[in-house]
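K.L.:
Dropping the structure in here first, questions after.
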Amino acid sequence: MTRHIKTDLDVLGNETRAAASEPAAFPFGANWRRFLESFDEERLSRAKDSLTEFLRVDDLEGKSFVDIGCGSGLFSYAAHELGAAQVLSFDVDRACVECCTRLRARAGNPDTWEIREGSILDEAFVFGLGRFDLVYSWGVLHHTGRMWDAIEKAATLVKPQGLFYIALYNRLLDRQGDTSLIHGFWTSVKRIYNAHPWFGRLGMEPLAMAAYLFLTAARGQNPIRHVRSYKSDRGMDWHTDARDWLGGYPYEFATRDEVVSFVTSRFPDMVLVNLKPTTGRGLNWFLLRNGEPAEM
């Protein structure tokens, strides 16, 4: 029997599950199609560097890799290029599966790279996947509408001594230690955007992007240089990520401690081995190992 941690997770989970029952959801696949129009070898190289740097490895030779919510397929492609012996990519969005299939074709349709359509919330589907040396899900599980359930199901895919690499939106706190009102604001914006996609594209996107660039300048950064150099961080595209942030719904979030406590309480052998935190509404990156490294 697993021990239940009574924290703000319960309140947040109830709120976001209710929100997830709404019909509006962001079309991530359409966003990734636009991203592939600007795909090049530099983006692939940056994605590979991002993986090896955070994992603190030189390559993935001989390892099995599963990409949960594969989106464009960029990081599945990167894992393949890094020598992974098995790559499995899956996404609930058919358009994302199609995007990933395009990149697999670009890689020469290798037999070691498989793509499926499926949901991390589908227990039977997840059970049939097997277990992997590296379970990867970057910026995905908080968009399922059942983030904690998704995290738990994803963690079951990690082999003994395997790695669990996830990135999740940070939960900001106010001075009283409660969830910041900014999250409620952005939840409302995302609901409006997805409920009125035509208005969202023509009205909200330029305003949101302009506000982002204004805040970038307010932090003392050159906004033009920021946009131009954006793909140097994980090989991504600024406009793609800006649309993803604006429209990404369902939308959940958690503090670093909440995530680590949740995972380690349900999987006692999991140990946090790397963390890249954020101080804002962005993503916390987590790397956990399923058990201490085996002795040589």
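Chain labels follow the order of the structure tokens: the first chain is A, the next B, and so on; residue numbering restarts at 1 in every chain, and ligands are counted from 1 in their shown order.
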Write out as a ChimeraX atom specification each polymer residue whose atoms come within 12 Å of A:Thr52, counting only C-alpha atoms; drop sequence neighbours fewer than 4 positions from it.

P.N.:
/A:45-48,56-61,75,78-79,81-83,165,234

K.L.:
Filtering to N, CA, C and O atoms, could you give me those residues as an mmCIF file, in the first residue's frame?

P.N.:
```cif
data_model
loop_
_atom_site.group_PDB
_atom_site.id
_atom_site.type_symbol
_atom_site.label_atom_id
_atom_site.label_comp_id
_atom_site.auth_asym_id
_atom_site.auth_seq_id
_atom_site.Cartn_x
_atom_site.Cartn_y
_atom_site.Cartn_z
ATOM 1 N N SER A 45 21.383 18.780 -33.290
ATOM 2 C CA SER A 45 22.623 18.804 -32.514
ATOM 3 C C SER A 45 22.391 19.404 -31.126
ATOM 4 O O SER A 45 22.903 18.889 -30.119
ATOM 5 N N ARG A 46 21.611 20.487 -31.060
ATOM 6 C CA ARG A 46 21.322 21.117 -29.764
ATOM 7 C C ARG A 46 20.513 20.176 -28.873
ATOM 8 O O ARG A 46 20.716 20.127 -27.652
ATOM 9 N N ALA A 47 19.584 19.439 -29.459
ATOM 10 C CA ALA A 47 18.782 18.487 -28.682
ATOM 11 C C ALA A 47 19.672 17.387 -28.109
ATOM 12 O O ALA A 47 19.515 16.984 -26.945
ATOM 13 N N LYS A 48 20.594 16.894 -28.910
ATOM 14 C CA LYS A 48 21.525 15.867 -28.433
ATOM 15 C C LYS A 48 22.370 16.397 -27.273
ATOM 16 O O LYS A 48 22.562 15.713 -26.262
ATOM 17 N N ARG A 56 24.400 13.731 -18.009
ATOM 18 C CA ARG A 56 25.814 13.592 -17.655
ATOM 19 C C ARG A 56 26.398 12.306 -18.236
ATOM 20 O O ARG A 56 27.062 11.518 -17.548
ATOM 21 N N VAL A 57 26.126 12.111 -19.526
ATOM 22 C CA VAL A 57 26.657 10.970 -20.264
ATOM 23 C C VAL A 57 27.198 11.475 -21.598
ATOM 24 O O VAL A 57 26.923 12.603 -22.009
ATOM 25 N N ASP A 58 27.960 10.615 -22.271
ATOM 26 C CA ASP A 58 28.480 10.970 -23.590
ATOM 27 C C ASP A 58 27.573 10.491 -24.709
ATOM 28 O O ASP A 58 27.556 11.075 -25.800
ATOM 29 N N ASP A 59 26.840 9.406 -24.464
ATOM 30 C CA ASP A 59 25.966 8.841 -25.483
ATOM 31 C C ASP A 59 24.946 7.932 -24.813
ATOM 32 O O ASP A 59 24.929 7.795 -23.581
ATOM 33 N N LEU A 60 24.089 7.306 -25.617
ATOM 34 C CA LEU A 60 23.077 6.378 -25.110
ATOM 35 C C LEU A 60 23.291 4.986 -25.689
ATOM 36 O O LEU A 60 22.350 4.206 -25.847
ATOM 37 N N GLU A 61 24.532 4.663 -26.027
ATOM 38 C CA GLU A 61 24.855 3.386 -26.640
ATOM 39 C C GLU A 61 24.304 2.220 -25.818
ATOM 40 O O GLU A 61 24.555 2.119 -24.621
ATOM 41 N N PHE A 75 13.408 14.768 -29.806
ATOM 42 C CA PHE A 75 14.272 14.128 -28.817
ATOM 43 C C PHE A 75 14.336 12.614 -28.998
ATOM 44 O O PHE A 75 15.315 11.987 -28.587
ATOM 45 N N ALA A 78 17.049 12.546 -31.465
ATOM 46 C CA ALA A 78 18.314 12.769 -30.774
ATOM 47 C C ALA A 78 18.787 11.500 -30.070
ATOM 48 O O ALA A 78 19.975 11.152 -30.130
ATOM 49 N N ALA A 79 17.868 10.788 -29.402
ATOM 50 C CA ALA A 79 18.244 9.548 -28.717
ATOM 51 C C ALA A 79 18.743 8.512 -29.713
ATOM 52 O O ALA A 79 19.725 7.796 -29.451
ATOM 53 N N GLU A 81 20.179 9.145 -32.610
ATOM 54 C CA GLU A 81 21.481 9.605 -33.067
ATOM 55 C C GLU A 81 22.565 9.377 -32.014
ATOM 56 O O GLU A 81 23.740 9.205 -32.352
ATOM 57 N N LEU A 82 22.170 9.352 -30.753
ATOM 58 C CA LEU A 82 23.129 9.122 -29.666
ATOM 59 C C LEU A 82 23.407 7.643 -29.434
ATOM 60 O O LEU A 82 24.125 7.284 -28.500
ATOM 61 N N GLY A 83 22.818 6.785 -30.265
ATOM 62 C CA GLY A 83 23.150 5.372 -30.221
ATOM 63 C C GLY A 83 22.222 4.489 -29.423
ATOM 64 O O GLY A 83 22.566 3.331 -29.146
ATOM 65 N N TYR A 165 13.490 10.979 -16.424
ATOM 66 C CA TYR A 165 13.800 12.367 -16.767
ATOM 67 C C TYR A 165 12.505 13.067 -17.160
ATOM 68 O O TYR A 165 11.938 12.785 -18.212
ATOM 69 N N ARG A 234 18.117 23.547 -26.203
ATOM 70 C CA ARG A 234 17.375 22.334 -26.550
ATOM 71 C C ARG A 234 16.980 22.253 -28.021
ATOM 72 O O ARG A 234 16.223 21.387 -28.409
#
```

K.L.:
Write out as a ChimeraX atom specification the set of residues from stretch 65-233 of chain A that DSSP, computed on the backbone, places in alpha helix (DSSP H).

P.N.:
/A:74-81,94-106,123-127,147-155,181-195,197-199,205-218,223-228

K.L.:
Report as a list in words all protein, DNA and RNA residues lying within 7 Å of A:Cys96, evaluated on only C-alpha atoms, omitting residues in the same chain fewer than 6 positions from it.

P.N.:
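Using only C-alpha atoms, the neighbours found are Gly29, Trp32, Gly71 and Ser72 of chain A.
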
K.L.:
Which residues are close to A:Thr255, i.e. within 12 Å by only C-alpha atoms, leaving aside same-chain residues fewer than 4 positions away? Reply as a PyMOL selection string.

P.N.:
chain A and resi 7-9+12+167-173+177-180+259-262+277-286

K.L.:
Can you tell me, as a list in words, what residues are no more than 8 Å from A:Ile115 when counting only C-alpha atoms, ignoring any on the same chain fewer than 2 positions away?

P.N.:
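Residues near the query, excluding close chain neighbours: Leu88, Ser89, Phe90, Val97, Cys100, Thr101, Trp113 and Glu117 of chain A.
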
K.L.:
Got time to write the residues from that selection, N, CA, C and O atoms, as a PDB file, in the first residue's frame?

P.N.:
```pdb
ATOM      1  N   LEU A  88      11.363   4.146 -28.368  1.00  0.00           N
ATOM      2  CA  LEU A  88       9.914   4.053 -28.505  1.00  0.00           C
ATOM      3  C   LEU A  88       9.330   5.436 -28.257  1.00  0.00           C
ATOM      4  O   LEU A  88       9.541   6.020 -27.196  1.00  0.00           O
ATOM      5  N   SER A  89       8.601   5.957 -29.237  1.00  0.00           N
ATOM      6  CA  SER A  89       7.963   7.269 -29.133  1.00  0.00           C
ATOM      7  C   SER A  89       6.458   7.064 -29.154  1.00  0.00           C
ATOM      8  O   SER A  89       5.949   6.290 -29.964  1.00  0.00           O
ATOM      9  N   PHE A  90       5.751   7.776 -28.274  1.00  0.00           N
ATOM     10  CA  PHE A  90       4.293   7.720 -28.382  1.00  0.00           C
ATOM     11  C   PHE A  90       3.678   9.036 -27.950  1.00  0.00           C
ATOM     12  O   PHE A  90       4.249   9.798 -27.170  1.00  0.00           O
ATOM     13  N   VAL A  97       2.114  12.148 -33.696  1.00  0.00           N
ATOM     14  CA  VAL A  97       2.620  10.876 -34.201  1.00  0.00           C
ATOM     15  C   VAL A  97       3.079  11.040 -35.648  1.00  0.00           C
ATOM     16  O   VAL A  97       4.125  10.515 -36.056  1.00  0.00           O
ATOM     17  N   CYS A 100       6.413  12.924 -35.691  1.00  0.00           N
ATOM     18  CA  CYS A 100       7.493  12.039 -35.279  1.00  0.00           C
ATOM     19  C   CYS A 100       7.835  11.061 -36.402  1.00  0.00           C
ATOM     20  O   CYS A 100       9.017  10.759 -36.647  1.00  0.00           O
ATOM     21  N   THR A 101       6.823  10.590 -37.117  1.00  0.00           N
ATOM     22  CA  THR A 101       7.025   9.677 -38.232  1.00  0.00           C
ATOM     23  C   THR A 101       7.845  10.342 -39.337  1.00  0.00           C
ATOM     24  O   THR A 101       8.691   9.703 -39.980  1.00  0.00           O
ATOM     25  N   TRP A 113      13.703   2.167 -34.009  1.00  0.00           N
ATOM     26  CA  TRP A 113      12.862   3.299 -33.584  1.00  0.00           C
ATOM     27  C   TRP A 113      11.411   2.987 -33.937  1.00  0.00           C
ATOM     28  O   TRP A 113      11.062   2.864 -35.098  1.00  0.00           O
ATOM     29  N   GLU A 117       0.690   5.455 -31.265  1.00  0.00           N
ATOM     30  CA  GLU A 117      -0.301   6.411 -30.789  1.00  0.00           C
ATOM     31  C   GLU A 117      -0.907   5.849 -29.510  1.00  0.00           C
ATOM     32  O   GLU A 117      -1.417   4.723 -29.499  1.00  0.00           O
TER      33      GLU A 117
END
```

K.L.:
Give me the residues near A:Arg191 as an mmCIF file with all heavy atoms, in the first residue's frame, where near means some atom within 8 Å (using only C-alpha atoms) and where sequence neighbours in that chain fewer than 3 positions away do not count.

P.N.:
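After the write, out_19.cif holds the following:
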```cif
data_model
loop_
_atom_site.group_PDB
_atom_site.id
_atom_site.type_symbol
_atom_site.label_atom_id
_atom_site.label_comp_id
_atom_site.auth_asym_id
_atom_site.auth_seq_id
_atom_site.Cartn_x
_atom_site.Cartn_y
_atom_site.Cartn_z
ATOM 1 N N ALA A 24 -12.240 21.874 -24.467
ATOM 2 C CA ALA A 24 -11.159 22.605 -25.108
ATOM 3 C C ALA A 24 -9.805 22.051 -24.689
ATOM 4 O O ALA A 24 -9.542 21.838 -23.520
ATOM 5 C CB ALA A 24 -11.245 24.082 -24.745
ATOM 6 N N THR A 187 -4.451 30.113 -16.225
ATOM 7 C CA THR A 187 -5.444 29.077 -16.517
ATOM 8 C C THR A 187 -6.626 29.667 -17.267
ATOM 9 O O THR A 187 -7.113 29.091 -18.250
ATOM 10 C CB THR A 187 -5.926 28.413 -15.215
ATOM 11 O OG1 THR A 187 -4.809 27.794 -14.554
ATOM 12 C CG2 THR A 187 -6.979 27.350 -15.491
ATOM 13 N N SER A 188 -7.077 30.846 -16.840
ATOM 14 C CA SER A 188 -8.190 31.512 -17.520
ATOM 15 C C SER A 188 -7.813 31.906 -18.947
ATOM 16 O O SER A 188 -8.602 31.731 -19.882
ATOM 17 C CB SER A 188 -8.619 32.756 -16.732
ATOM 18 O OG SER A 188 -9.091 32.408 -15.451
ATOM 19 N N ASN A 194 -8.237 28.514 -26.018
ATOM 20 C CA ASN A 194 -8.657 27.263 -26.639
ATOM 21 C C ASN A 194 -10.143 27.217 -26.959
ATOM 22 O O ASN A 194 -10.564 26.502 -27.865
ATOM 23 C CB ASN A 194 -8.262 26.083 -25.740
ATOM 24 C CG ASN A 194 -6.775 25.820 -25.779
ATOM 25 O OD1 ASN A 194 -6.242 25.329 -26.764
ATOM 26 N ND2 ASN A 194 -6.082 26.181 -24.699
ATOM 27 N N ALA A 195 -10.928 27.987 -26.208
ATOM 28 C CA ALA A 195 -12.368 28.036 -26.492
ATOM 29 C C ALA A 195 -12.657 28.896 -27.720
ATOM 30 O O ALA A 195 -13.686 28.732 -28.374
ATOM 31 C CB ALA A 195 -13.119 28.577 -25.286
ATOM 32 N N GLY A 247 -1.247 28.398 -25.212
ATOM 33 C CA GLY A 247 -2.383 27.504 -25.424
ATOM 34 C C GLY A 247 -2.350 26.233 -24.611
ATOM 35 O O GLY A 247 -3.357 25.526 -24.521
ATOM 36 N N TYR A 249 -3.044 23.545 -22.585
ATOM 37 C CA TYR A 249 -4.155 23.272 -21.660
ATOM 38 C C TYR A 249 -4.666 21.874 -21.932
ATOM 39 O O TYR A 249 -4.789 21.504 -23.103
ATOM 40 C CB TYR A 249 -5.256 24.309 -21.894
ATOM 41 C CG TYR A 249 -6.392 24.242 -20.887
ATOM 42 C CD1 TYR A 249 -6.245 24.791 -19.628
ATOM 43 C CD2 TYR A 249 -7.594 23.622 -21.202
ATOM 44 C CE1 TYR A 249 -7.268 24.723 -18.702
ATOM 45 C CE2 TYR A 249 -8.623 23.558 -20.276
ATOM 46 C CZ TYR A 249 -8.460 24.102 -19.030
ATOM 47 O OH TYR A 249 -9.461 24.023 -18.110
#
```

K.L.:
Near A:Lys153, counting only C-alpha atoms, which residues have an atom at most 10 Å away, once you skip same-chain residues fewer than 3 positions from it, shown as a PyMOL selection string?

P.N.:
chain A and resi 120-123+126-127+147-150+156-158

K.L.:
Any idea what the distance is between atom CA of A:Ala30 and atom CA of A:Trp186?

P.N.:
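Going from atom CA of A:Ala30 over to atom CA of A:Trp186, I get 21.3 Å.
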
K.L.:
In terms of the shortest atom-to-atom distance over only C-alpha atoms, which of A:Trp198, A:Phe253, A:Phe164, A:Trp138 is closest to A:Asn290?

P.N.:
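The answer is A:Phe164, which sits nearest to A:Asn290.
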
K.L.:
May I ask for the distance between atom CA of A:Tyr251 and atom CA of A:Leu129, given in Å to one decimal place?

P.N.:
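Separating atom CA of A:Tyr251 from atom CA of A:Leu129 is a distance of 26.1 Å.
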
K.L.:
Pick from A:Ala124, A:Ile68, A:Ile182, A:Met209: nearest to A:His143, with only C-alpha atoms counted?

P.N.:
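Between A:Ala124, A:Ile68, A:Ile182, A:Met209, the residue approaching A:His143 most closely is A:Ile68.
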
K.L.:
Would you please extract all strand (DSSP E) residues from stretch 80-213 of chain A, as assigned by DSSP on the backbone, and give them as a PyMOL selection string?

P.N.:
chain A and resi 86-91+113-117+132-138+158-169

K.L.:
Could you write out that same residue set with N, CA, C and O atoms as a short mmCIF file (atom, residue, chain, number, x, y, z; two decimals), in the first residue's frame?

P.N.:
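Here's the written file out-v2.cif:
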```
data_model
loop_
_atom_site.label_atom_id
_atom_site.label_comp_id
_atom_site.auth_asym_id
_atom_site.auth_seq_id
_atom_site.Cartn_x
_atom_site.Cartn_y
_atom_site.Cartn_z
N GLN A 86 17.19 1.00 -28.56
CA GLN A 86 15.74 0.95 -28.78
C GLN A 86 15.16 2.31 -28.45
O GLN A 86 15.43 2.87 -27.39
N VAL A 87 14.38 2.85 -29.36
CA VAL A 87 13.65 4.09 -29.12
C VAL A 87 12.18 3.83 -29.36
O VAL A 87 11.79 3.32 -30.42
N LEU A 88 11.36 4.15 -28.37
CA LEU A 88 9.91 4.05 -28.51
C LEU A 88 9.33 5.44 -28.26
O LEU A 88 9.54 6.02 -27.20
N SER A 89 8.60 5.96 -29.24
CA SER A 89 7.96 7.27 -29.13
C SER A 89 6.46 7.06 -29.15
O SER A 89 5.95 6.29 -29.96
N PHE A 90 5.75 7.78 -28.27
CA PHE A 90 4.29 7.72 -28.38
C PHE A 90 3.68 9.04 -27.95
O PHE A 90 4.25 9.80 -27.17
N ASP A 91 2.50 9.28 -28.50
CA ASP A 91 1.76 10.51 -28.20
C ASP A 91 0.28 10.23 -28.39
O ASP A 91 -0.11 9.42 -29.26
N TRP A 113 13.70 2.17 -34.01
CA TRP A 113 12.86 3.30 -33.58
C TRP A 113 11.41 2.99 -33.94
O TRP A 113 11.06 2.86 -35.10
N GLU A 114 10.58 2.87 -32.90
CA GLU A 114 9.16 2.55 -33.07
C GLU A 114 8.31 3.72 -32.60
O GLU A 114 8.65 4.38 -31.62
N ILE A 115 7.21 3.95 -33.29
CA ILE A 115 6.30 5.05 -32.95
C ILE A 115 4.90 4.50 -32.78
O ILE A 115 4.42 3.73 -33.62
N ARG A 116 4.22 4.91 -31.70
CA ARG A 116 2.85 4.45 -31.45
C ARG A 116 1.97 5.64 -31.08
O ARG A 116 2.46 6.67 -30.61
N GLU A 117 0.69 5.46 -31.26
CA GLU A 117 -0.30 6.41 -30.79
C GLU A 117 -0.91 5.85 -29.51
O GLU A 117 -1.42 4.72 -29.50
N PHE A 132 12.29 0.52 -19.46
CA PHE A 132 13.33 1.17 -20.26
C PHE A 132 14.46 1.70 -19.38
O PHE A 132 14.26 2.02 -18.21
N ASP A 133 15.63 1.83 -20.02
CA ASP A 133 16.78 2.40 -19.31
C ASP A 133 16.59 3.89 -19.07
O ASP A 133 17.08 4.42 -18.06
N LEU A 134 15.91 4.57 -20.00
CA LEU A 134 15.68 6.00 -19.86
C LEU A 134 14.24 6.31 -20.24
O LEU A 134 13.81 6.09 -21.37
N VAL A 135 13.49 6.82 -19.27
CA VAL A 135 12.11 7.25 -19.48
C VAL A 135 12.12 8.77 -19.51
O VAL A 135 12.49 9.41 -18.52
N TYR A 136 11.70 9.33 -20.64
CA TYR A 136 11.82 10.76 -20.89
C TYR A 136 10.46 11.36 -21.18
O TYR A 136 9.70 10.85 -22.02
N SER A 137 10.14 12.45 -20.49
CA SER A 137 8.89 13.17 -20.78
C SER A 137 9.09 14.62 -20.37
O SER A 137 9.03 14.97 -19.19
N TRP A 138 9.31 15.47 -21.36
CA TRP A 138 9.70 16.86 -21.10
C TRP A 138 8.53 17.79 -21.42
O TRP A 138 8.13 17.92 -22.58
N VAL A 158 10.34 2.65 -15.73
CA VAL A 158 11.79 2.73 -15.51
C VAL A 158 12.34 1.39 -15.03
O VAL A 158 11.89 0.84 -14.03
N LYS A 159 13.34 0.90 -15.72
CA LYS A 159 14.02 -0.33 -15.31
C LYS A 159 14.79 -0.12 -14.00
O LYS A 159 15.12 1.02 -13.66
N PRO A 160 15.12 -1.19 -13.30
CA PRO A 160 16.06 -1.05 -12.19
C PRO A 160 17.37 -0.45 -12.70
O PRO A 160 17.87 -0.84 -13.75
N GLN A 161 17.90 0.51 -11.98
CA GLN A 161 19.07 1.30 -12.35
C GLN A 161 18.81 2.25 -13.51
O GLN A 161 19.72 2.97 -13.95
N GLY A 162 17.56 2.29 -13.99
CA GLY A 162 17.22 3.19 -15.08
C GLY A 162 17.00 4.61 -14.60
O GLY A 162 16.95 4.89 -13.39
N LEU A 163 16.84 5.53 -15.56
CA LEU A 163 16.68 6.95 -15.26
C LEU A 163 15.30 7.45 -15.66
O LEU A 163 14.74 7.04 -16.68
N PHE A 164 14.79 8.37 -14.86
CA PHE A 164 13.48 8.97 -15.06
C PHE A 164 13.69 10.47 -15.21
O PHE A 164 14.06 11.16 -14.25
N TYR A 165 13.49 10.98 -16.42
CA TYR A 165 13.80 12.37 -16.77
C TYR A 165 12.51 13.07 -17.16
O TYR A 165 11.94 12.78 -18.21
N ILE A 166 12.03 13.98 -16.30
CA ILE A 166 10.79 14.69 -16.56
C ILE A 166 10.99 16.19 -16.31
O ILE A 166 11.87 16.59 -15.55
N ALA A 167 10.17 17.00 -16.97
CA ALA A 167 10.17 18.44 -16.74
C ALA A 167 8.73 18.88 -16.57
O ALA A 167 7.87 18.52 -17.37
N LEU A 168 8.48 19.65 -15.51
CA LEU A 168 7.12 20.03 -15.14
C LEU A 168 7.06 21.50 -14.75
O LEU A 168 8.02 22.05 -14.20
N TYR A 169 5.91 22.13 -15.01
CA TYR A 169 5.73 23.53 -14.64
C TYR A 169 5.88 23.73 -13.14
O TYR A 169 5.35 22.97 -12.32
#
```

K.L.:
So the first atom is atom CA of A:Ala85 and the second is atom CA of A:Glu42; what is the distance between them in Å, to one decimal place?

P.N.:
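Distance between the two atoms: 23.1 Å.
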